[in-house]
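Enquirer: Can you keep this structure in mind? I'll have questions shortly.
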Amino acid sequence: MLAKLMKYEIKATARIFLPMYAVLLVFAIINRLLNPFHTFETQGTFNLQVLLGALSTVLYFILIIAVFVIALVISIQRFYKNLLGDEGYLMFTLPVKPWQHIISKLLTAVMWYILNGVLVIISGFILISIPEIDFSMIIDTVKTMAMNMNFAAILILILVQLAAGTLMIYDAIALGHLFQKHRLLASFGMYCALYMAQQLLLSILILSFSFSWFQFIIRSTDPTPTQLNKFLIFIIIPGIIMGIVHFIVTNYIMNRKLNLE
Amino acid sequence: MSSLLECKNLSKSFGPVRALDKINLSIGRGRIVGLLGPNASGKSTFIKICNDLLTPTEGEIFINGHKPGIETKKIVSYLPDKNYLNDWMKVSDIIDFFSDFYQDFNKDKAYDMLSRLGITANQRLKTMSKGTKEKVQLILVMSREAQLYLLDEPIGGVDPAARDYILDTIIRNYNENATIIISTHLIADIEKILDDVIFIREGQIVLSKTVDDIREETGKSVDSLFREVFKC
Amino acid sequence: MPWDLKSDRPIYAQLIEQLELRICSGVYPLGSKMPSVRDLAQEASVNPNTMQKALSKLEEDGLIYTNRTSGRFVTEDIDVIHKARNKLAQEQVQEFLKKMIDLGFKYNEILSVINEMLKELKK
């Protein structure tokens with residue numbers, strides 16, 4: 001059932017993402033052809049070609065930001081509209097448990113975030129594959145990065161933050177659903193409250209452990225890789241716990257407090 | 001379990017408002033039942049509880065021996081009183097969707113009914129009129145070989161010809177092992193196809209009889225009786 | 001022939017009458033196969049359950065019979081049909097007479113009214 005839900009979730013969202021990715025890649029190719037860096041170096045002066053090149057580069061960066069913003073907006077919209085709007089009548093009468101709805105949407109949202117990242121990297125490669133930069137050099141850099149134990153920890157941290165962050169949004173929407181009127185406003189308010197509470201908790205946590213474990217924060221010195229790793233893992237765990245808490249609350253609300261219009 | 005749907009002291013409150021008040025019901029198989037009452041009488045609340053879209057405040061409800069949940073959703077086919085399909089979907093998409101999630105969904109039947117209305121698989125829901133969309137929803141619901149069909153106001157806000165089509169579809173899909181509960185306040189059109197009627201007012205059941213018994217005992221149509229009972 | 005179902009009398013009873021009417025007037029000819037319960041119910045826009053009950057009663061009365069494999073048929077016994085037709089006629093006449101009496105007509109007045117109307121019909 002979970003796989004089926006994800007299939008439809010991906011189908012519903014791909015219609016937005018795939019064209020967007022196509023545009024991104026096209027832009028990267030355009031930028032590659034216009035080749036602003038190279039042009040500026042050879043021309044040395046500021047003329048129309050350079051201006052056009054600079055403009056398209058700026059647009060390219062705006063596009064990258066837009067891609068991530070859209071991914072965020074869509075993850076919110078899918079949850080809000082598909083589960084708690086009129087479509088909820090269809091979704092919640094399927095022979096499926098509410099947790100499956102939550103997880104299918106979560107996994108799809110995170111998948112798109114990851115794909116976003118991959119697409120940005122690919123478009124980046126298209127953009128900067130100019131003769132000046134050595135391709136094999138890049139590969140080596142990436143290899144050494146991957147060897148670093150912190151790299152794995154950072155990757156996991158990013159993943160956990162994406163999932164936990166999304167779950168917090170779902171939680172806020174679910175909590176907002178408990179209100180009879182102005183649900184959207186209530187969800188927004190709930191999100192602010194949850195965010196502040198989370199930040200507070202995290203700060204207290206880090207601060208209280210800084211004295212014993214993470215001296216480097218207090219002393220403002222550079223951490224060793226092992227210390228950094230410990231720190232990263234220390235941040236990951238509350239992230240996982242918060243994610244689980246948000247999931248449990250959201251699941252409970254959908255099981256017992258559902259009240260579609 | 002002999003009766004398909006069974007309620008014991010079922011109640012639902014929304015804060016201070018008592019939408020359903022100690023409902024006791026027992027509905028058998030192979031019946032076409034009319035759940036009749038004015039607006040805000042509790043009809044929709046009752047149907048939502050049957051579908052596990054609302055949790056009861058008190059009391060119990062069993063469908064085929066199970067509390068509303070996954071087991072009941074597999075055998076209950078629900079037509080809500082609103083447009084609940086995603087507009088961008090094509091007819092073929094939505095049929096695949098239903099086939100995927102409901103084992104008892106009969107694809108051929110659905111396509112057959114749709115083709116009779118001149119609706120093709122490639123049409124997008126967005127391009128259809130409101131009336132056509134409602135018919136599509138009805139067809140999807142009736143194409144399931146379910147044990148309990150819950151139709152919430154299926155003929156409200158539709159033209160008379162469409163109304164006939166809907167009643168026709170209901171009759172044609174009748175199966176003596178399944179029960180159909182139709183909630184409505186438009187009684188005259190639907191009286192003839194009902195076996196039993198349940199009058200509900202302010203969350204309580206006021207009357208529960210067969211159509212013919214009512215006509216025999218009172219010499220009136222159910223519609224007339226309804227007007228009397230629910231006179232403002 | 002349209003199905004004439006009034007809203008203030010039990011549907012079951014009316015269906016029996018309407019089916020009898022159709023059999024007697026030859027809409028469902030002698031010995032012919034009856035449409036299925038579902039088709040009949042659809043035609044009349046009634047609950048298949050009720051139609052089923054009405055058909056069972058007709059079977060009880062001998063107007064139709066069920067062949068296990070091939071379905072429902074109108075009886076081939078013309079006497080049964082005649083009997084049913086007469087019964088229907090008697091019921092109609094009884095209703096008519098009651099109304100006439102309510103209107104204040106006397107016996108021979110009723111007869112002359114009938115004769116007049118029959119003459120009109122012949123034209």
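Naming scheme: A, B, ... for chains in displayed order of the structure tokens; residues 1 onward per chain; ligands 1 onward as shown.
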Find the residues near Pro56 (chain B): any atom within 12 Å, counting only C-alpha atoms, skip ones fewer than 4 places away on the same chain, and give them as a PyMOL selection string.
Expert: (chain A and resi 255-259) or (chain B and resi 7-14+18-23+45-52+60-62+67-68)
Enquirer: Distance table requested - chain C against chain B, cut-off 12 Å, only C-alpha atoms: one row per qualifying residue with the closest atom pair and its distance in Å to one decimal, ordered by chain and rising residue number, as CSV.
Expert:
residue,atom,partner,partner_atom,distance
C:Trp3,CA,B:Lys192,CA,11.8
C:Asp4,CA,B:Lys192,CA,11.8
C:Leu5,CA,B:Lys192,CA,8.8
C:Lys6,CA,B:Ser221,CA,8.5
C:Ser7,CA,B:Ser221,CA,4.9
C:Asp8,CA,B:Lys220,CA,4.3
C:Arg9,CA,B:Arg215,CA,5.3
C:Pro10,CA,B:Asp212,CA,4.5
C:Ile11,CA,B:Asp212,CA,6.2
C:Tyr12,CA,B:Asp212,CA,7.0
C:Ala13,CA,B:Asp212,CA,8.8
C:Gln14,CA,B:Asp212,CA,10.4
C:Leu15,CA,B:Lys192,CA,10.9
C:Ser36,CA,B:Arg172,CA,11.3
C:Val37,CA,B:Arg172,CA,10.2
C:Arg38,CA,B:Arg172,CA,6.5
C:Asp39,CA,B:Arg172,CA,7.9
C:Leu40,CA,B:Ile171,CA,10.2
C:Ala41,CA,B:Ile171,CA,7.2
C:Gln42,CA,B:Asp168,CA,6.1
C:Glu43,CA,B:Asp168,CA,8.7
C:Ala44,CA,B:Lys192,CA,8.9
C:Ser45,CA,B:Ile193,CA,6.5
C:Val46,CA,B:Ile193,CA,4.3
C:Asn47,CA,B:Ile193,CA,4.0
C:Pro48,CA,B:Ile171,CA,6.9
C:Asn49,CA,B:Asp195,CA,7.5
C:Thr50,CA,B:Asp195,CA,7.5
C:Met51,CA,B:Ile193,CA,9.9
C:Gln52,CA,B:Glu176,CA,11.0
C:Lys53,CA,B:Asp195,CA,11.6
Enquirer: Could you save the residues just selected, with N, CA and C atoms, as an mmCIF file, in the first residue's frame?
Expert:
data_model
loop_
_atom_site.group_PDB
_atom_site.id
_atom_site.type_symbol
_atom_site.label_atom_id
_atom_site.label_comp_id
_atom_site.auth_asym_id
_atom_site.auth_seq_id
_atom_site.Cartn_x
_atom_site.Cartn_y
_atom_site.Cartn_z
ATOM 1 N N TRP C 3 -45.623 2.856 -16.266
ATOM 2 C CA TRP C 3 -45.925 2.328 -14.947
ATOM 3 C C TRP C 3 -46.591 3.416 -14.123
ATOM 4 N N ASP C 4 -47.837 3.168 -13.749
ATOM 5 C CA ASP C 4 -48.602 4.173 -13.042
ATOM 6 C C ASP C 4 -48.593 3.875 -11.548
ATOM 7 N N LEU C 5 -47.599 4.436 -10.850
ATOM 8 C CA LEU C 5 -47.492 4.134 -9.428
ATOM 9 C C LEU C 5 -47.814 5.365 -8.607
ATOM 10 N N LYS C 6 -48.862 5.250 -7.809
ATOM 11 C CA LYS C 6 -49.252 6.379 -6.972
ATOM 12 C C LYS C 6 -48.408 6.411 -5.706
ATOM 13 N N SER C 7 -48.291 7.620 -5.147
ATOM 14 C CA SER C 7 -47.357 7.762 -4.036
ATOM 15 C C SER C 7 -47.964 7.451 -2.669
ATOM 16 N N ASP C 8 -49.294 7.284 -2.608
ATOM 17 C CA ASP C 8 -49.845 7.087 -1.267
ATOM 18 C C ASP C 8 -50.312 5.665 -0.997
ATOM 19 N N ARG C 9 -50.040 4.755 -1.956
ATOM 20 C CA ARG C 9 -50.400 3.365 -1.707
ATOM 21 C C ARG C 9 -49.148 2.517 -1.750
ATOM 22 N N PRO C 10 -49.138 1.416 -0.995
ATOM 23 C CA PRO C 10 -47.942 0.568 -0.993
ATOM 24 C C PRO C 10 -47.519 0.200 -2.408
ATOM 25 N N ILE C 11 -46.235 0.299 -2.667
ATOM 26 C CA ILE C 11 -45.703 0.016 -3.998
ATOM 27 C C ILE C 11 -45.945 -1.437 -4.367
ATOM 28 N N TYR C 12 -45.742 -2.309 -3.401
ATOM 29 C CA TYR C 12 -45.898 -3.751 -3.603
ATOM 30 C C TYR C 12 -47.265 -4.070 -4.213
ATOM 31 N N ALA C 13 -48.311 -3.543 -3.586
ATOM 32 C CA ALA C 13 -49.662 -3.829 -4.071
ATOM 33 C C ALA C 13 -49.855 -3.281 -5.488
ATOM 34 N N GLN C 14 -49.325 -2.078 -5.713
ATOM 35 C CA GLN C 14 -49.500 -1.455 -7.025
ATOM 36 C C GLN C 14 -48.749 -2.215 -8.114
ATOM 37 N N LEU C 15 -47.576 -2.723 -7.767
ATOM 38 C CA LEU C 15 -46.809 -3.476 -8.749
ATOM 39 C C LEU C 15 -47.563 -4.733 -9.169
ATOM 40 N N SER C 36 -36.283 -9.630 -16.915
ATOM 41 C CA SER C 36 -35.703 -9.973 -15.621
ATOM 42 C C SER C 36 -36.200 -9.013 -14.541
ATOM 43 N N VAL C 37 -36.041 -9.419 -13.285
ATOM 44 C CA VAL C 37 -36.460 -8.575 -12.159
ATOM 45 C C VAL C 37 -35.789 -7.212 -12.259
ATOM 46 N N ARG C 38 -34.496 -7.256 -12.567
ATOM 47 C CA ARG C 38 -33.731 -6.027 -12.633
ATOM 48 C C ARG C 38 -34.264 -5.094 -13.721
ATOM 49 N N ASP C 39 -34.543 -5.657 -14.883
ATOM 50 C CA ASP C 39 -35.051 -4.835 -15.982
ATOM 51 C C ASP C 39 -36.400 -4.252 -15.635
ATOM 52 N N LEU C 40 -37.257 -5.081 -15.053
ATOM 53 C CA LEU C 40 -38.577 -4.590 -14.661
ATOM 54 C C LEU C 40 -38.448 -3.478 -13.625
ATOM 55 N N ALA C 41 -37.572 -3.729 -12.632
ATOM 56 C CA ALA C 41 -37.397 -2.729 -11.575
ATOM 57 C C ALA C 41 -36.905 -1.416 -12.164
ATOM 58 N N GLN C 42 -36.005 -1.535 -13.140
ATOM 59 C CA GLN C 42 -35.470 -0.334 -13.773
ATOM 60 C C GLN C 42 -36.536 0.410 -14.533
ATOM 61 N N GLU C 43 -37.342 -0.354 -15.292
ATOM 62 C CA GLU C 43 -38.434 0.252 -16.059
ATOM 63 C C GLU C 43 -39.350 1.036 -15.156
ATOM 64 N N ALA C 44 -39.697 0.404 -14.035
ATOM 65 C CA ALA C 44 -40.675 1.010 -13.126
ATOM 66 C C ALA C 44 -40.027 1.967 -12.150
ATOM 67 N N SER C 45 -38.715 2.029 -12.147
ATOM 68 C CA SER C 45 -37.951 2.835 -11.189
ATOM 69 C C SER C 45 -38.288 2.476 -9.759
ATOM 70 N N VAL C 46 -38.318 1.194 -9.507
ATOM 71 C CA VAL C 46 -38.573 0.749 -8.135
ATOM 72 C C VAL C 46 -37.477 -0.158 -7.649
ATOM 73 N N ASN C 47 -37.528 -0.433 -6.379
ATOM 74 C CA ASN C 47 -36.581 -1.300 -5.713
ATOM 75 C C ASN C 47 -36.731 -2.735 -6.220
ATOM 76 N N PRO C 48 -35.656 -3.346 -6.652
ATOM 77 C CA PRO C 48 -35.726 -4.725 -7.143
ATOM 78 C C PRO C 48 -36.325 -5.693 -6.125
ATOM 79 N N ASN C 49 -36.085 -5.425 -4.845
ATOM 80 C CA ASN C 49 -36.666 -6.259 -3.798
ATOM 81 C C ASN C 49 -38.174 -6.299 -3.897
ATOM 82 N N THR C 50 -38.755 -5.092 -4.025
ATOM 83 C CA THR C 50 -40.203 -4.985 -4.070
ATOM 84 C C THR C 50 -40.750 -5.643 -5.328
ATOM 85 N N MET C 51 -40.055 -5.442 -6.445
ATOM 86 C CA MET C 51 -40.481 -6.065 -7.704
ATOM 87 C C MET C 51 -40.446 -7.576 -7.554
ATOM 88 N N GLN C 52 -39.403 -8.053 -6.922
ATOM 89 C CA GLN C 52 -39.247 -9.498 -6.692
ATOM 90 C C GLN C 52 -40.426 -10.040 -5.899
ATOM 91 N N LYS C 53 -40.784 -9.329 -4.850
ATOM 92 C CA LYS C 53 -41.905 -9.767 -4.012
ATOM 93 C C LYS C 53 -43.200 -9.820 -4.825
#
Enquirer: Show me which bits of chain B are within 9 Å of chain A, counting only C-alpha atoms, as a list in words.
Expert: Asn51, Asp52, Leu53, Leu54, Thr55, Gly69, Ile70, Glu71, Thr72, Lys73, Lys74, Val76, Ser77, Tyr78, Pro80, Lys82, Asn83, Tyr84, Leu85, Asn86, Trp88, Met89, Phe97, Phe98, Asp100, Phe101 and Tyr102 of chain B
Enquirer: Please provide as a PDB file with C-alpha atoms, in the first residue's frame all residues within 12 Å of Glu59 (chain C), with the sequence filter that same-chain residues fewer than 3 positions apart are discarded (counting only C-alpha atoms).
Expert:
ATOM      1  CA  ILE C  16     -48.955  -6.585  -8.511  1.00  0.00           C
ATOM      2  CA  LEU C  19     -48.075  -6.601 -13.678  1.00  0.00           C
ATOM      3  CA  GLU C  20     -51.509  -8.237 -13.827  1.00  0.00           C
ATOM      4  CA  MET C  34     -40.851 -12.080 -18.767  1.00  0.00           C
ATOM      5  CA  GLN C  52     -39.247  -9.498  -6.692  1.00  0.00           C
ATOM      6  CA  LYS C  53     -41.905  -9.767  -4.012  1.00  0.00           C
ATOM      7  CA  ALA C  54     -44.622  -8.742  -6.460  1.00  0.00           C
ATOM      8  CA  LEU C  55     -43.475 -11.318  -8.993  1.00  0.00           C
ATOM      9  CA  SER C  56     -43.467 -13.989  -6.295  1.00  0.00           C
ATOM     10  CA  GLY C  62     -50.408 -18.872 -11.090  1.00  0.00           C
ATOM     11  CA  LEU C  63     -50.058 -16.041 -13.554  1.00  0.00           C
ATOM     12  CA  ILE C  64     -46.361 -16.677 -14.033  1.00  0.00           C
ATOM     13  CA  TYR C  65     -44.115 -19.627 -13.476  1.00  0.00           C
ATOM     14  CA  THR C  66     -40.379 -19.978 -13.094  1.00  0.00           C
ATOM     15  CA  ASN C  67     -38.313 -22.315 -15.160  1.00  0.00           C
ATOM     16  CA  ARG C  72     -39.815 -16.429 -15.716  1.00  0.00           C
ATOM     17  CA  PHE C  73     -42.649 -17.032 -18.137  1.00  0.00           C
ATOM     18  CA  VAL C  74     -46.269 -15.965 -18.437  1.00  0.00           C
ATOM     19  CA  THR C  75     -48.577 -18.917 -17.953  1.00  0.00           C
ATOM     20  CA  VAL C  80     -56.000 -18.278 -15.542  1.00  0.00           C
TER      21      VAL C  80
END
Enquirer: Could you pull out all residues of region 118-172 of chain B with a DSSP call of alpha helix (DSSP H) and give them as a list in words?
Expert: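 Residues meeting the alpha helix (DSSP H) criterion: Lys130, Gly131, Thr132, Lys133, Glu134, Lys135, Val136, Gln137, Leu138, Ile139, Leu140, Val141, Met142, Pro160, Ala161, Ala162, Arg163, Asp164, Tyr165, Ile166, Leu167, Asp168, Thr169, Ile170, Ile171 and Arg172 of chain B.
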Enquirer: Just want the 12 Å neighbourhood of Lys83 (chain C), counted on only C-alpha atoms, with same-chain residues fewer than 4 positions away dropped. Output as a PyMOL selection string.
Expert: chain C and resi 20+23-24+61-63+77-79+87-90
Enquirer: Write to file, as a PDB file, in the first residue's frame, the residues of the selection just made, with N, CA and C atoms.
Expert:
ATOM      1  N   GLU C  20     -50.300  -7.531 -13.383  1.00  0.00           N
ATOM      2  CA  GLU C  20     -51.509  -8.237 -13.827  1.00  0.00           C
ATOM      3  C   GLU C  20     -52.083  -7.557 -15.055  1.00  0.00           C
ATOM      4  N   ILE C  23     -50.124  -8.355 -18.121  1.00  0.00           N
ATOM      5  CA  ILE C  23     -50.315  -9.726 -18.590  1.00  0.00           C
ATOM      6  C   ILE C  23     -51.684  -9.854 -19.257  1.00  0.00           C
ATOM      7  N   CYS C  24     -52.694  -9.296 -18.614  1.00  0.00           N
ATOM      8  CA  CYS C  24     -54.049  -9.414 -19.168  1.00  0.00           C
ATOM      9  C   CYS C  24     -54.201  -8.682 -20.480  1.00  0.00           C
ATOM     10  N   ASP C  61     -50.103 -16.909  -7.483  1.00  0.00           N
ATOM     11  CA  ASP C  61     -51.440 -16.887  -8.062  1.00  0.00           C
ATOM     12  C   ASP C  61     -51.518 -17.625  -9.382  1.00  0.00           C
ATOM     13  N   GLY C  62     -50.399 -18.067  -9.879  1.00  0.00           N
ATOM     14  CA  GLY C  62     -50.408 -18.872 -11.090  1.00  0.00           C
ATOM     15  C   GLY C  62     -50.312 -18.106 -12.387  1.00  0.00           C
ATOM     16  N   LEU C  63     -50.124 -16.819 -12.316  1.00  0.00           N
ATOM     17  CA  LEU C  63     -50.058 -16.041 -13.554  1.00  0.00           C
ATOM     18  C   LEU C  63     -48.706 -16.190 -14.242  1.00  0.00           C
ATOM     19  N   ASP C  77     -51.756 -21.044 -19.601  1.00  0.00           N
ATOM     20  CA  ASP C  77     -53.146 -21.387 -19.316  1.00  0.00           C
ATOM     21  C   ASP C  77     -54.032 -20.161 -19.492  1.00  0.00           C
ATOM     22  N   ILE C  78     -54.776 -20.122 -20.580  1.00  0.00           N
ATOM     23  CA  ILE C  78     -55.540 -18.926 -20.893  1.00  0.00           C
ATOM     24  C   ILE C  78     -56.680 -18.695 -19.901  1.00  0.00           C
ATOM     25  N   ASP C  79     -57.125 -19.784 -19.298  1.00  0.00           N
ATOM     26  CA  ASP C  79     -58.205 -19.632 -18.308  1.00  0.00           C
ATOM     27  C   ASP C  79     -57.756 -18.797 -17.127  1.00  0.00           C
ATOM     28  N   LYS C  87     -61.239 -10.531 -12.801  1.00  0.00           N
ATOM     29  CA  LYS C  87     -61.075  -9.986 -11.457  1.00  0.00           C
ATOM     30  C   LYS C  87     -60.745  -8.496 -11.530  1.00  0.00           C
ATOM     31  N   LEU C  88     -59.827  -8.153 -12.403  1.00  0.00           N
ATOM     32  CA  LEU C  88     -59.463  -6.749 -12.582  1.00  0.00           C
ATOM     33  C   LEU C  88     -60.673  -5.926 -13.010  1.00  0.00           C
ATOM     34  N   ALA C  89     -61.416  -6.486 -13.939  1.00  0.00           N
ATOM     35  CA  ALA C  89     -62.604  -5.785 -14.438  1.00  0.00           C
ATOM     36  C   ALA C  89     -63.577  -5.549 -13.299  1.00  0.00           C
ATOM     37  N   GLN C  90     -63.789  -6.588 -12.505  1.00  0.00           N
ATOM     38  CA  GLN C  90     -64.720  -6.456 -11.376  1.00  0.00           C
ATOM     39  C   GLN C  90     -64.264  -5.364 -10.419  1.00  0.00           C
TER      40      GLN C  90
END
Enquirer: Hey, can you check how far CA of Met190 (chain A) sits from CA of Ile206 (chain A)?
Expert: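 Computing it gives 24.1 Å between the two atoms.
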Enquirer: Kindly indicate which residue among B:Ile63, B:Ile205, B:Val229, B:Val141 lies nearest to Gly42 (chain B), using only C-alpha atoms for the distances.
Expert: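 Closest to Gly42 (chain B) of all the choices is B:Ile205.
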Enquirer: Between CA of Ala40 (chain B) and CA of Val17 (chain B), what is the distance, to one decimal in Å?
Expert: 11.0 Å
Enquirer: Excluding Leu148 (chain B) and residues on its chain fewer than 6 positions from it, collect all residues at most 8 Å away from it, counting only C-alpha atoms, and give them as a ChimeraX atom specification.
Expert: /B:4,75-77,178-181
Enquirer: Would you write out those residues with N, CA and C atoms, as a PDB file, in the first residue's frame?
Expert:
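This went into selection-v7.pdb:
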ATOM      1  N   LEU B   4     -25.613  -6.130   8.711  1.00  0.00           N
ATOM      2  CA  LEU B   4     -24.413  -5.558   8.112  1.00  0.00           C
ATOM      3  C   LEU B   4     -23.905  -4.384   8.938  1.00  0.00           C
ATOM      4  N   ILE B  75     -14.739  -2.818   2.310  1.00  0.00           N
ATOM      5  CA  ILE B  75     -16.058  -3.259   1.854  1.00  0.00           C
ATOM      6  C   ILE B  75     -17.092  -2.147   1.804  1.00  0.00           C
ATOM      7  N   VAL B  76     -16.673  -0.916   2.130  1.00  0.00           N
ATOM      8  CA  VAL B  76     -17.608   0.204   2.091  1.00  0.00           C
ATOM      9  C   VAL B  76     -17.254   1.118   0.932  1.00  0.00           C
ATOM     10  N   SER B  77     -18.246   1.454   0.119  1.00  0.00           N
ATOM     11  CA  SER B  77     -18.024   2.359  -0.998  1.00  0.00           C
ATOM     12  C   SER B  77     -18.782   3.652  -0.732  1.00  0.00           C
ATOM     13  N   ALA B 178     -25.615  -6.833  -0.873  1.00  0.00           N
ATOM     14  CA  ALA B 178     -25.102  -5.525  -0.473  1.00  0.00           C
ATOM     15  C   ALA B 178     -26.242  -4.635  -0.017  1.00  0.00           C
ATOM     16  N   THR B 179     -25.912  -3.664   0.765  1.00  0.00           N
ATOM     17  CA  THR B 179     -26.891  -2.700   1.259  1.00  0.00           C
ATOM     18  C   THR B 179     -26.501  -1.309   0.777  1.00  0.00           C
ATOM     19  N   ILE B 180     -27.504  -0.533   0.427  1.00  0.00           N
ATOM     20  CA  ILE B 180     -27.241   0.837   0.000  1.00  0.00           C
ATOM     21  C   ILE B 180     -27.941   1.783   0.959  1.00  0.00           C
ATOM     22  N   ILE B 181     -27.186   2.706   1.536  1.00  0.00           N
ATOM     23  CA  ILE B 181     -27.806   3.725   2.379  1.00  0.00           C
ATOM     24  C   ILE B 181     -27.708   5.054   1.642  1.00  0.00           C
TER      25      ILE B 181
END
Enquirer: Leaving out Phe17 (chain A) and any residue of its chain fewer than 6 positions from it, which residues lie within 10 Å of it when counting only C-alpha atoms, given as an NGL selection string?
Expert: :A and (10 or 23 or 67 or 70-71 or 74 or 112 or 115-116)
